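Asker: Have a peek at work_34.pdb (PDB, C-alpha atoms and all ligand atoms).
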```pdb
ATOM      1  CA  MET A   1     138.587  72.320 160.541
ATOM      2  CA  SER A   2     139.891  68.857 159.985
ATOM      3  CA  GLU A   3     138.632  67.577 163.363
ATOM      4  CA  ARG A   4     135.146  66.608 162.264
ATOM      5  CA  ARG A   5     134.195  65.316 158.829
ATOM      6  CA  PRO A   6     130.872  63.940 157.684
ATOM      7  CA  TYR A   7     130.614  60.230 157.119
ATOM      8  CA  ASN A   8     130.183  60.732 153.390
ATOM      9  CA  PHE A   9     133.159  63.048 153.106
ATOM     10  CA  ARG A  10     134.821  62.881 149.734
ATOM     11  CA  ASP A  11     138.025  64.662 148.952
ATOM     12  CA  LEU A  12     137.475  66.755 145.866
ATOM     13  CA  ALA A  13     140.903  68.349 145.787
ATOM     14  CA  GLY A  14     142.369  68.326 142.302
ATOM     15  CA  LEU A  15     139.107  67.466 140.613
ATOM     16  CA  VAL A  16     137.689  69.651 137.853
ATOM     17  CA  PHE A  17     134.058  70.669 137.659
ATOM     18  CA  GLY A  18     133.313  72.656 134.567
ATOM     19  CA  ARG A  19     135.626  75.624 134.698
ATOM     20  CA  LEU A  20     136.434  75.070 138.332
ATOM     21  CA  THR A  21     139.458  73.241 139.602
ATOM     22  CA  VAL A  22     139.248  72.307 143.296
ATOM     23  CA  ILE A  23     142.236  73.605 145.217
ATOM     24  CA  GLY A  24     141.382  72.464 148.716
ATOM     25  CA  LEU A  25     139.011  72.674 151.619
ATOM     26  CA  ALA A  26     137.806  76.133 152.441
ATOM     27  CA  ASN A  27     137.836  77.463 155.971
ATOM     28  CA  GLU A  28     134.194  78.392 156.073
ATOM     29  CA  LYS A  29     131.349  75.867 156.000
ATOM     30  CA  THR A  30     127.823  76.311 154.717
ATOM     31  CA  ARG A  31     124.898  77.317 156.933
ATOM     32  CA  HIS A  32     124.111  73.629 157.124
ATOM     33  CA  ASP A  33     127.590  72.803 158.275
ATOM     34  CA  ARG A  34     128.640  71.270 154.998
ATOM     35  CA  VAL A  35     132.190  71.551 153.790
ATOM     36  CA  GLN A  36     133.113  73.981 151.099
ATOM     37  CA  TRP A  37     135.951  73.964 148.650
ATOM     38  CA  THR A  38     138.147  76.683 147.398
ATOM     39  CA  CYS A  39     138.251  76.491 143.602
ATOM     40  CA  LYS A  40     140.077  78.272 140.885
ATOM     41  CA  CYS A  41     138.080  79.201 137.810
ATOM     42  CA  SER A  42     139.617  78.929 134.370
ATOM     43  CA  CYS A  43     139.132  82.673 134.076
ATOM     44  CA  GLY A  44     141.514  83.113 136.984
ATOM     45  CA  ALA A  45     139.016  84.017 139.695
ATOM     46  CA  ALA A  46     138.771  82.131 142.977
ATOM     47  CA  LYS A  47     135.469  80.890 144.316
ATOM     48  CA  VAL A  48     134.297  78.966 147.372
ATOM     49  CA  VAL A  49     131.722  76.342 146.522
ATOM     50  CA  SER A  50     130.066  73.593 148.539
ATOM     51  CA  GLY A  51     130.971  70.039 147.611
ATOM     52  CA  ASN A  52     127.314  69.345 147.078
ATOM     53  CA  GLN A  53     126.974  72.085 144.442
ATOM     54  CA  LEU A  54     130.126  70.957 142.700
ATOM     55  CA  GLN A  55     129.168  67.288 142.546
ATOM     56  CA  ARG A  56     125.662  67.989 141.398
ATOM     57  CA  GLY A  57     126.898  70.248 138.627
ATOM     58  CA  ILE A  58     125.036  73.276 139.931
ATOM     59  CA  THR A  59     128.113  75.458 140.048
ATOM     60  CA  ARG A  60     130.577  75.140 137.206
ATOM     61  CA  SER A  61     132.356  78.487 137.204
ATOM     62  CA  CYS A  62     133.020  81.566 139.260
ATOM     63  CA  GLY A  63     130.028  83.163 137.595
ATOM     64  CA  CYS A  64     131.753  84.102 134.387
ATOM     65  CA  LEU A  65     130.005  81.306 132.472
ATOM     66  CA  ARG A  66     126.546  82.659 133.260
ATOM     67  CA  LYS A  67     127.587  86.157 132.244
ATOM     68  CA  GLU A  68     128.766  84.881 128.907
ATOM     69  CA  ILE A  69     125.601  82.885 128.270
ATOM     70  CA  THR A  70     123.409  85.826 129.179
ATOM     71  CA  SER A  71     125.206  88.288 126.973
ATOM     72  CA  ALA A  72     125.368  85.717 124.185
ATOM     73  CA  LYS A  73     121.590  85.696 124.117
ATOM     74  CA  PHE A  74     121.763  89.296 122.974
ATOM     75  CA  ARG A  75     124.429  88.863 120.377
ATOM     76  CA  THR A  76     124.590  85.200 119.413
ATOM     77  CA  HIS A  77     124.915  86.026 115.736
ATOM     78  CA  GLY A  78     127.452  88.814 116.142
ATOM     79  CA  HIS A  79     125.489  90.931 113.682
ATOM     80  CA  SER A  80     124.001  93.379 116.141
ATOM     81  CA  GLY A  81     124.850  96.519 114.216
ATOM     82  CA  SER A  82     124.939  95.056 110.720
ATOM     83  CA  PRO A  83     122.665  96.286 107.905
ATOM     84  CA  THR A  84     121.076  92.833 107.809
ATOM     85  CA  TYR A  85     120.257  92.935 111.490
ATOM     86  CA  LEU A  86     118.865  96.455 111.237
ATOM     87  CA  SER A  87     116.512  95.334 108.472
ATOM     88  CA  TYR A  88     115.470  92.384 110.580
ATOM     89  CA  THR A  89     114.640  94.444 113.660
ATOM     90  CA  ALA A  90     112.990  97.228 111.651
ATOM     91  CA  ALA A  91     110.659  94.834 109.842
ATOM     92  CA  LYS A  92     109.848  92.988 113.036
ATOM     93  CA  SER A  93     109.052  96.281 114.720
ATOM     94  CA  ARG A  94     106.771  97.448 111.888
ATOM     95  CA  CYS A  95     104.721  94.298 112.379
ATOM     96  CA  GLU A  96     104.808  93.897 116.128
ATOM     97  CA  ASN A  97     105.435  97.234 117.816
ATOM     98  CA  ILE A  98     102.229  99.219 117.962
ATOM     99  CA  ASN A  99     104.294 102.335 118.638
ATOM    100  CA  ASN A 100     106.211 101.988 115.393
ATOM    101  CA  GLN A 101     105.241 104.880 113.148
ATOM    102  CA  HIS A 102     104.637 102.458 110.244
ATOM    103  CA  PHE A 103     102.690  99.921 112.275
ATOM    104  CA  ALA A 104      99.375 100.861 110.629
ATOM    105  CA  ASP A 105     100.693  99.803 107.217
ATOM    106  CA  TYR A 106     102.102  96.521 108.500
ATOM    107  CA  GLY A 107     101.013  94.904 111.753
ATOM    108  CA  GLY A 108      97.957  97.120 111.687
ATOM    109  CA  ARG A 109      96.737  95.577 108.460
ATOM    110  CA  GLY A 110      97.589  92.021 109.342
ATOM    111  CA  ILE A 111     101.142  91.696 108.028
ATOM    112  CA  ARG A 112     102.996  89.267 110.293
ATOM    113  CA  PHE A 113     106.675  88.832 110.960
ATOM    114  CA  ARG A 114     107.141  85.087 110.861
ATOM    115  CA  PHE A 115     110.863  84.574 111.246
ATOM    116  CA  ALA A 116     111.489  82.818 114.526
ATOM    117  CA  SER A 117     115.017  84.143 114.885
ATOM    118  CA  PHE A 118     117.610  86.303 113.258
ATOM    119  CA  GLU A 119     119.513  83.141 112.337
ATOM    120  CA  GLN A 120     116.552  81.885 110.317
ATOM    121  CA  PHE A 121     116.184  85.272 108.670
ATOM    122  CA  LEU A 122     119.864  85.346 107.771
ATOM    123  CA  ALA A 123     119.764  81.795 106.441
ATOM    124  CA  GLU A 124     116.846  82.696 104.177
ATOM    125  CA  LEU A 125     118.172  85.979 102.817
ATOM    126  CA  GLY A 126     121.903  86.080 103.348
ATOM    127  CA  GLU A 127     123.635  89.328 104.184
ATOM    128  CA  ARG A 128     121.994  92.446 102.848
ATOM    129  CA  PRO A 129     123.846  93.708  99.764
ATOM    130  CA  SER A 130     124.549  97.421  99.775
ATOM    131  CA  GLY A 131     121.977  99.483  97.910
ATOM    132  CA  THR A 132     119.156  97.100  98.686
ATOM    133  CA  SER A 133     116.447  96.867 101.271
ATOM    134  CA  LEU A 134     114.076  94.230 102.517
ATOM    135  CA  GLU A 135     111.054  93.666 100.342
ATOM    136  CA  ARG A 136     108.055  91.404 100.472
ATOM    137  CA  ILE A 137     107.537  89.850  97.057
ATOM    138  CA  ASP A 138     103.785  89.762  97.501
ATOM    139  CA  ASN A 139     102.830  93.000  99.185
ATOM    140  CA  ASP A 140      99.790  91.360 100.752
ATOM    141  CA  GLY A 141     101.915  88.551 102.154
ATOM    142  CA  HIS A 142     103.823  88.309 105.394
ATOM    143  CA  TYR A 143     107.481  88.636 106.229
ATOM    144  CA  GLU A 144     108.105  84.934 105.996
ATOM    145  CA  PRO A 145     110.363  82.479 104.208
ATOM    146  CA  GLY A 146     109.607  82.539 100.491
ATOM    147  CA  ASN A 147     108.137  86.036 100.436
ATOM    148  CA  VAL A 148     111.144  88.213 101.148
ATOM    149  CA  ARG A 149     114.190  89.330  99.227
ATOM    150  CA  TRP A 150     116.800  92.044  99.110
ATOM    151  CA  ALA A 151     115.643  94.421  96.397
ATOM    152  CA  THR A 152     117.209  97.451  94.810
ATOM    153  CA  HIS A 153     115.294 100.695  94.805
ATOM    154  CA  GLN A 154     114.340 100.092  91.167
ATOM    155  CA  GLN A 155     113.025  96.610  91.917
ATOM    156  CA  GLN A 156     111.105  98.019  94.844
ATOM    157  CA  SER A 157     109.420 100.688  92.764
ATOM    158  CA  ASN A 158     108.548  98.188  90.030
ATOM    159  CA  ASN A 159     107.026  95.986  92.646
ATOM    160  CA  LYS A 160     105.237  98.892  94.279
ATOM    161  CA  ARG A 161     103.520  99.690  90.997
ATOM    162  CA  THR A 162     102.021  96.245  90.660
ATOM    163  CA  ASN A 163     101.461  96.190  94.394
ATOM    164  CA  ARG A 164      99.484  99.419  94.233
ATOM    165  CA  ARG A 165      96.251  98.741  96.032
ATOM    166  CA  ILE A 166      92.839  99.308  94.537
ATOM    167  CA  THR A 167      89.556  99.217  96.360
ATOM    168  CA  ALA A 168      86.673  98.093  94.178
ATOM    169  CA  PHE A 169      83.581  95.978  94.662
ATOM    170  CA  GLY A 170      84.155  96.124  98.395
ATOM    171  CA  ARG A 171      87.614  94.578  98.266
ATOM    172  CA  THR A 172      91.056  96.088  98.526
ATOM    173  CA  ARG A 173      93.626  94.202  96.536
ATOM    174  CA  THR A 174      96.841  94.849  94.665
ATOM    175  CA  VAL A 175      96.903  95.680  90.979
ATOM    176  CA  ALA A 176      98.646  92.344  90.466
ATOM    177  CA  TRP A 177      95.740  90.565  92.143
ATOM    178  CA  TRP A 178      93.104  92.422  90.135
ATOM    179  CA  SER A 179      95.057  91.699  86.996
ATOM    180  CA  ARG A 180      94.921  87.964  87.675
ATOM    181  CA  GLU A 181      91.255  88.273  88.583
ATOM    182  CA  THR A 182      90.096  90.293  85.561
ATOM    183  CA  GLY A 183      92.524  89.184  82.882
ATOM    184  CA  LEU A 184      93.393  92.811  82.211
ATOM    185  CA  SER A 185      97.081  93.567  82.173
ATOM    186  CA  ASP A 186      98.387  95.506  85.132
ATOM    187  CA  GLN A 187      99.586  98.223  82.731
ATOM    188  CA  VAL A 188      96.035  98.688  81.422
ATOM    189  CA  ILE A 189      94.624  98.898  84.932
ATOM    190  CA  ARG A 190      97.261 101.332  86.129
ATOM    191  CA  GLY A 191      96.941 103.430  82.977
ATOM    192  CA  ARG A 192      93.203 103.774  83.423
ATOM    193  CA  LEU A 193      93.531 104.748  87.056
ATOM    194  CA  ASP A 194      96.150 107.302  86.093
ATOM    195  CA  LEU A 195      93.593 108.724  83.664
ATOM    196  CA  GLY A 196      91.197 109.149  86.544
ATOM    197  CA  TRP A 197      88.860 106.236  85.834
ATOM    198  CA  LEU A 198      86.829 104.943  88.716
ATOM    199  CA  PRO A 199      88.224 101.610  89.947
ATOM    200  CA  GLU A 200      85.106  99.626  89.064
ATOM    201  CA  ARG A 201      85.194 100.899  85.496
ATOM    202  CA  ALA A 202      88.940 100.459  85.203
ATOM    203  CA  LEU A 203      88.526  96.810  86.174
ATOM    204  CA  THR A 204      85.538  95.900  84.022
ATOM    205  CA  CYS A 205      85.780  97.587  80.617
ATOM    206  CA  ALA A 206      87.251  95.364  77.954
ATOM    207  CA  PRO A 207      90.501  96.800  76.715
ATOM    208  CA  ARG A 208      90.186  98.838  73.544
ATOM    209  CA  VAL A 209      91.635  96.897  70.663
ATOM    210  CA  VAL A 210      94.045  99.174  68.933
ATOM    211  CA  ARG A 211      94.143  98.384  65.243
ATOM    212  CA  PRO A 212      96.804  99.756  62.992
ATOM    213  CA  THR A 213      93.995 101.288  60.981
ATOM    214  CA  THR A 214      92.466 104.581  61.947
ATOM    215  CA  SER A 215      89.130 104.407  60.173
ATOM    216  CA  PRO A 216      86.421 101.803  59.827
ATOM    217  CA  ARG A 217      86.485  99.562  56.835
ATOM    218  CA  PRO A 218      84.416 101.161  54.081
ATOM    219  CA  PRO A 219      81.495  98.929  53.272
ATOM    220  CA  ARG A 220      81.553  97.424  49.825
ATOM    221  CA  GLY A 221      79.132  98.861  47.297
ATOM    222  CA  ARG A 222      78.423 101.954  49.365
ATOM    223  CA  PRO A 223      78.928 105.172  47.377
ATOM    224  CA  LEU A 224      82.051 107.100  48.234
ATOM    225  CA  GLU A 225      81.662 110.844  48.294
ATOM    226  CA  ALA A 226      84.534 112.886  46.935
ATOM    227  CA  PHE A 227      84.932 116.081  45.036
ATOM    228  CA  GLY A 228      81.252 116.775  45.480
ATOM    229  CA  ARG A 229      80.085 113.561  43.856
ATOM    230  CA  LYS A 230      79.007 110.154  45.064
ATOM    231  CA  LEU A 231      80.212 107.085  43.170
ATOM    232  CA  THR A 232      80.902 103.506  44.103
ATOM    233  CA  ILE A 233      84.549 102.658  44.675
ATOM    234  CA  ALA A 234      84.383 100.539  41.536
ATOM    235  CA  ALA A 235      83.183 103.558  39.593
ATOM    236  CA  TRP A 236      85.865 105.791  41.115
ATOM    237  CA  SER A 237      88.422 103.151  40.214
ATOM    238  CA  ARG A 238      87.370 103.126  36.573
ATOM    239  CA  GLU A 239      87.391 106.922  36.538
ATOM    240  CA  THR A 240      90.766 107.476  38.210
ATOM    241  CA  GLY A 241      92.619 104.417  36.978
ATOM    242  CA  ILE A 242      93.535 103.605  40.600
ATOM    243  CA  SER A 243      92.795 100.007  41.412
ATOM    244  CA  TYR A 244      89.755  99.177  43.504
ATOM    245  CA  ASP A 245      91.925  97.460  46.059
ATOM    246  CA  LEU A 246      94.314 100.369  46.407
ATOM    247  CA  ILE A 247      91.468 102.832  46.970
ATOM    248  CA  ARG A 248      90.009 100.584  49.643
ATOM    249  CA  ALA A 249      93.381 100.010  51.220
ATOM    250  CA  ARG A 250      93.983 103.744  51.386
ATOM    251  CA  LEU A 251      90.580 104.369  52.964
ATOM    252  CA  VAL A 252      91.251 101.655  55.490
ATOM    253  CA  ARG A 253      94.514 103.335  56.310
ATOM    254  CA  GLY A 254      92.627 106.512  57.118
ATOM    255  CA  TRP A 255      93.173 108.518  53.980
ATOM    256  CA  SER A 256      90.371 110.913  53.063
ATOM    257  CA  ALA A 257      88.257 110.045  50.018
ATOM    258  CA  GLU A 258      89.997 112.751  47.977
ATOM    259  CA  GLU A 259      93.425 111.538  49.010
ATOM    260  CA  ALA A 260      92.522 107.922  48.249
ATOM    261  CA  LEU A 261      91.458 108.933  44.748
ATOM    262  CA  SER A 262      94.593 110.949  43.999
ATOM    263  CA  ALA A 263      97.490 109.496  42.064
ATOM    264  CA  THR A 264      99.799 110.089  45.030
ATOM    265  CA  ARG A 265      99.016 111.308  48.456
ATOM    266  CA  PRO A 266      99.031 115.082  48.288
ATOM    267  CA  TRP A 267     101.146 115.676  51.350
ATOM    268  CA  SER A 268     101.852 119.228  50.298
ATOM    269  CA  ARG A 269      99.265 121.137  48.443
ATOM    270  CA  ARG A 270     100.496 123.799  46.150
ATOM    271  CA  GLY A 271      99.164 126.231  43.634
ATOM    272  CA  ASP A 272      95.449 126.724  43.787
ATOM    273  CA  GLY A 273      95.063 124.014  46.417
ATOM    274  CA  VAL A 274      92.984 121.865  44.108
ATOM    275  CA  LEU A 275      94.156 118.307  43.772
ATOM    276  CA  PRO A 276      95.128 117.053  40.359
ATOM    277  CA  ILE A 277      92.493 114.384  40.528
ATOM    278  CA  ALA A 278      89.924 116.969  41.434
ATOM    279  CA  ARG A 279      90.548 118.697  38.168
ATOM    280  CA  SER A 280      90.289 115.543  36.169
ATOM    281  CA  ALA A 281      87.260 114.440  38.138
ATOM    282  CA  ARG A 282      85.589 117.742  37.535
ATOM    283  CA  SER A 283      86.449 117.791  33.863
ATOM    284  CA  SER A 284      85.156 114.308  33.235
TER     285      SER A 284
HETATM  286 ZN    ZN B 301     135.448  82.369 136.003
END
```
In structure tokens, write the structure found in this file.
Answerer:
Amino acid sequence: MSERRPYNFRDLAGLVFGRLTVIGLANEKTRHDRVQWTCKCSCGAAKVVSGNQLQRGITRSCGCLRKEITSAKFRTHGHSGSPTYLSYTAAKSRCENINNQHFADYGGRGIRFRFASFEQFLAELGERPSGTSLERIDNDGHYEPGNVRWATHQQQSNNKRTNRRITAFGRTRTVAWWSRETGLSDQVIRGRLDLGWLPERALTCAPRVVRPTTSPRPPRGRPLEAFGRKLTIAAWSRETGISYDLIRARLVRGWSAEEALSATRPWSRRGDGVLPIARSARSS
């Protein structure tokens, strides 16, 4: 083997190429009659490599390096079975795997999964705390930086309520969106829908203004009928000794005319059921 050496022969013995340390010339040559070297890999395995491959950096280990790189591609983050990684793959699948049973609600309606890698996802969200799951903040938005968070079940259901989708006027949008659009609070919109209102009506009617009063303001000067007679409030006031303002205030509060004209509100009626004022009114 030592009888004939190429003119450009270079002794590689003792040199280190990557993980390979050259031990000495190997007995066998390449198909092209080039010398090969017996090397010892840092992992302990022996390997015969041509000098050409060693010097050009093509071969740097017994093969163990490639195996490690390949498997590292599948578990670079070391989170393969973690809750965070499961959320990542599940969300990605909902958006991208047409065979996912939830695809229609995600990828099927245009929701995209826009994290380029698990590392980016993890950097954005951190590890998933127990008791939480992945949530999109805007339900119409994508899985992307800025629109995702770990949410508790309670947070999710709160968000689902305002993310409830309503189709009206040819558009399907969330309650939150309609609320911004119409100026109606999302509670009002949801309440109306729960009452069975049609979406268009629920989104257009002005909200009823709830006053503390329960009856319309009695117009001034209009006769007030009570105890079978019609008198102006001023006249009733003179007759009963109850101030004009108090009678009006009571009427505004929803008291009946008879109650408003009684000395105190007759919460419980006793005896013959006739109010004290009724007697005095009748007798006058
Ligand atoms: Zn090796």
Asker: Measuring between only C-alpha atoms, which one of A:His142, A:Asn8, A:Ser157, A:Arg60 shows the shortest distance to Ala91 (chain A)?
Answerer: A:His142
Asker: Could you report the residues within 9 Å of ligand ZN 301 (chain B), using all atoms listed in the file, as a list in words?
Answerer: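 Using all atoms listed in the file, I find these residues within 9 Å of ligand ZN 301 (chain B): Arg19, Leu20, Lys40, Cys41, Ser42, Cys43, Gly44, Ala45, Ala46, Lys47, Arg60, Ser61, Cys62, Gly63, Cys64 and Leu65 of chain A.
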Asker: Kindly resolve the PyMOL selection byres (((chain A and resi 162) around 12) and not hetatm) on the present coordinates and return the residues as a PyMOL selection string.
Answerer: chain A and resi 137-140+155-161+163-166+173-180+185-191
Asker: For Ala104 (chain A), find every residue with an atom within 9 Å (counting all atoms listed in the file), except residues of its own chain fewer than 6 positions away, and show them as a PyMOL selection string.
Answerer: chain A and resi 94-95+98
Asker: Which of these residues is nearest to Glu259 (chain A), using only C-alpha atoms: A:Tyr244, A:Phe227, A:Tyr106, A:Tyr85?
Answerer: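 For Glu259 (chain A), the nearest of the candidates is A:Phe227.
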Asker: In Å to one decimal, how far is CA of Gly131 (chain A) from CA of Glu119 (chain A)?
Answerer: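 CA of Glu119 (chain A) sits 21.9 Å away from CA of Gly131 (chain A).
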Asker: Within 8 Å of region 122-127 of chain A, counting all atoms listed in the file, which residues show up once you throw out same-chain ones fewer than 5 positions away? Write them as a list in words, please.
Answerer: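 In the requested format, the answer is Pro83, Thr84, Pro145, Val148, Arg149 and Trp150 of chain A.
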Asker: Between CA of Asn100 (chain A) and CA of Arg114 (chain A), measure the distance and give it in Å to one decimal.
Answerer: 17.5 Å
Asker: Given the point (80.6, 109.2, 46.0) in the coordinates of this file, which residues lie within 12 Å, counting all atoms listed in the file, and how would they look as a VMD selection string?
Answerer: chain A and resid 221 to 237 239 257 to 258 261 281
Asker: Which of these residues is nearest to Phe17 (chain A), using only C-alpha atoms: A:Val49, A:Ile111, A:Leu203, A:Ile69?
Answerer: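 Of all the options, A:Val49 lies closest to Phe17 (chain A).
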Asker: Using the chain letters and numbering of this document, enumerate as JSON, numbers by chain the residues selected by the PyMOL selection byres (((chain A and resi 53) around 12) and not hetatm).
Answerer: {"A": [12, 17, 18, 20, 30, 34, 35, 36, 37, 48, 49, 50, 51, 52, 54, 55, 56, 57, 58, 59, 60, 61]}
Asker: Counting all atoms listed in the file, figure out which residue out of A:Thr38, A:Asn99, A:Ser87, A:Ser262 gets nearest to Ile247 (chain A).
Answerer: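 Among A:Thr38, A:Asn99, A:Ser87, A:Ser262, it is A:Ser262 that comes nearest to Ile247 (chain A).
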Asker: What gap, in Å, lies between CA of Arg112 (chain A) and CA of Ser93 (chain A)?
Answerer: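 We find that CA of Arg112 (chain A) and CA of Ser93 (chain A) lie 10.3 Å from each other.
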Asker: Of the candidates A:Gly170, A:Gly14, A:Tyr88, A:Ser243, which one gets nearest to Ser133 (chain A) if we count only C-alpha atoms?
Answerer: A:Tyr88
Asker: Give me the result of the PyMOL selection byres (((chain A and resi 168) around 6) and not hetatm) on this file, residue by residue, as a ChimeraX atom specification.
Answerer: /A:167,169-171,199-200
